[in-house]
Amino acid sequence: MDVYEAMRQRRSVRKFEDRVIADDVLTRVLDAGVLAPTGRNRQEWKYVVVRDAKTRKQLAEASEQPFIGKAQAVVAVVSLDPVREMFCGIQAGPVDCAIVIDHMTLAAVAEGLGSCWIGHFDQDKCRDILDVPDPAKIIEMLVLGYPADTSPTKQRKTPEELICWEKFS
């Protein structure tokens with residue numbers, strides 16, 4: 001599958017089969033995140049991969065989203081320096097971590113997996129569950145598993161609605 005097809009097929013999946021992800025498949029998805037570019041190649045992030053059912057359930061409870069516990073893997077993407085700003089005044093950690101997750105979501109599609117970005121979670125509880133030290137912060141979590149449904153991707157706005165040429169309009 002090429003990257004454009006993966007982008008077309010990618011959607012948020014919240015219902016998963018009770019089917020283990022093979023180690024080699026999960027490794028390829030995780031390796032895709034490692035390939036993500038970061039500002040000045042700092043790579044100031046790590047991720048915690050959770051396959052243990054008990055820990056996934058704890059993360060689901062700390063996120064108030066039961067489906068997280070049904071996924072076969074949860075990947076918590078952690079910024080090691082969440083306050084560092086880029087020259088433009090935007091925090092670098094969330095940007096770099098978002099690129100990591102995006103790479104993994106596209107690789108997941110190519111591997112036949114579904115995924116969902118998780119931004120709704122209790123930072124302190126999840127950091128405690130995963131032993132994430134200060135000052136690091138979990139930026140997002142990504143759940144992975146084999147989709148249990150075949151819901152179509154959502155309708156997207158047209159390029160004409162979103163793309164401005166030369167000046168903001």
# chains A, B, ... in the order shown; residues from 1 in each chain; ligands from 1

call {"tool": "residues_around", "arguments": {"residues": "stretch 70-80 of chain A", "least_positions_apart": "5", "cutoff": "7 Å", "atoms": "only C-alpha atoms", "output": "PyMOL selection string"}}
result
chain A and resi 16+20-21+44-51+56+93+97+135-145

call {"tool": "write_last_selection", "arguments": {"atoms": "C-alpha atoms", "output": "short mmCIF file (atom, residue, chain, number, x, y, z; two decimals), in the first residue's frame"}}
result
data_model
loop_
_atom_site.label_atom_id
_atom_site.label_comp_id
_atom_site.auth_asym_id
_atom_site.auth_seq_id
_atom_site.Cartn_x
_atom_site.Cartn_y
_atom_site.Cartn_z
CA PHE A 16 -11.30 -3.85 18.10
CA VAL A 20 -3.14 -10.20 19.34
CA ILE A 21 -0.90 -8.01 17.17
CA GLU A 44 13.18 14.61 22.61
CA TRP A 45 10.51 12.00 23.04
CA LYS A 46 10.01 8.40 24.04
CA TYR A 47 7.04 6.17 23.90
CA VAL A 48 5.72 3.61 26.30
CA VAL A 49 4.12 0.60 24.63
CA VAL A 50 1.51 -1.12 26.77
CA ARG A 51 0.30 -4.60 25.87
CA ARG A 56 -4.51 -0.98 29.42
CA GLY A 93 7.15 18.72 22.08
CA CYS A 97 5.06 13.91 19.10
CA PRO A 135 9.19 17.16 33.66
CA ALA A 136 8.17 14.76 30.86
CA LYS A 137 4.51 14.73 29.78
CA ILE A 138 2.36 12.36 27.82
CA ILE A 139 1.33 14.35 24.75
CA GLU A 140 -1.01 11.82 23.20
CA MET A 141 -1.77 8.15 23.38
CA LEU A 142 -2.41 5.92 20.39
CA VAL A 143 -4.47 2.75 20.59
CA LEU A 144 -3.81 -0.05 18.11
CA GLY A 145 -5.65 -3.21 17.19
#

call {"tool": "residues_around", "arguments": {"residues": "A:Asp102", "least_positions_apart": "2", "cutoff": "12 Å", "atoms": "only C-alpha atoms", "output": "MDAnalysis selection string"}}
result
chainID A and resid 3 6:7 10:11 29:30 32:37 77 95:100 104:109 115:117 140:142

call {"tool": "atom_distance", "arguments": {"atom1": "atom CA of A:Val132", "atom2": "atom CA of A:Pro82"}}
result
12.7 Å

call {"tool": "closest_residue", "arguments": {"among": "A:Ile101, A:Met86, A:Ile68, A:Met1", "to": "A:Arg14", "atoms": "only C-alpha atoms"}}
result
A:Ile68

call {"tool": "atom_distance", "arguments": {"atom1": "atom CA of A:Ser63", "atom2": "atom CA of A:Asp122"}}
result
5.9 Å

call {"tool": "select_by_dssp", "arguments": {"residues": "stretch 27-160 of chain A", "states": "strand (DSSP E or B)", "output": "ChimeraX atom specification"}}
result
/A:45-50,73-79,85,91,114-118,137-145,147

call {"tool": "select_by_dssp", "arguments": {"residues": "stretch 57-147 of chain A", "states": "alpha helix (DSSP H)", "output": "PyMOL selection string"}}
result
chain A and resi 57-63+92-110+123-130

call {"tool": "write_last_selection", "arguments": {"atoms": "C-alpha atoms", "output": "compact mmCIF listing (two decimals), in the first residue's frame"}}
result
# COMPACT_ATOMS: atom_id res chain seq x y z
CA LYS A 57 -7.61 -1.15 31.63
CA GLN A 58 -6.04 1.32 34.08
CA LEU A 59 -5.29 3.71 31.22
CA ALA A 60 -8.87 3.32 29.96
CA GLU A 61 -10.20 4.24 33.39
CA ALA A 62 -7.83 7.22 33.68
CA SER A 63 -9.05 8.35 30.26
CA ALA A 92 8.09 21.82 20.06
CA GLY A 93 7.15 18.72 22.08
CA PRO A 94 3.52 18.43 20.98
CA VAL A 95 4.48 19.10 17.35
CA ASP A 96 7.23 16.47 17.31
CA CYS A 97 5.06 13.91 19.10
CA ALA A 98 2.18 14.51 16.68
CA ILE A 99 4.48 13.72 13.76
CA VAL A 100 5.55 10.51 15.50
CA ILE A 101 1.93 9.45 15.99
CA ASP A 102 0.98 10.35 12.44
CA HIS A 103 3.77 8.15 11.08
CA MET A 104 2.53 5.29 13.26
CA THR A 105 -1.11 5.69 12.21
CA LEU A 106 -0.19 5.44 8.53
CA ALA A 107 2.02 2.40 9.17
CA ALA A 108 -0.84 0.84 11.15
CA VAL A 109 -3.17 1.16 8.16
CA ALA A 110 -0.57 -0.45 5.92
CA GLN A 123 -2.23 13.42 32.70
CA ASP A 124 -1.28 12.80 36.32
CA LYS A 125 -3.00 9.42 36.61
CA CYS A 126 -1.57 8.17 33.31
CA ARG A 127 1.92 9.42 34.19
CA ASP A 128 1.67 7.54 37.49
CA ILE A 129 0.47 4.34 35.81
CA LEU A 130 3.36 4.45 33.33

call {"tool": "closest_residue", "arguments": {"among": "A:Cys164, A:Val83, A:Ala148, A:Leu113", "to": "A:Leu26", "atoms": "only C-alpha atoms"}}
result
A:Leu113

call {"tool": "atom_distance", "arguments": {"atom1": "atom CA of A:Tyr146", "atom2": "atom CA of A:Thr158"}}
result
29.3 Å
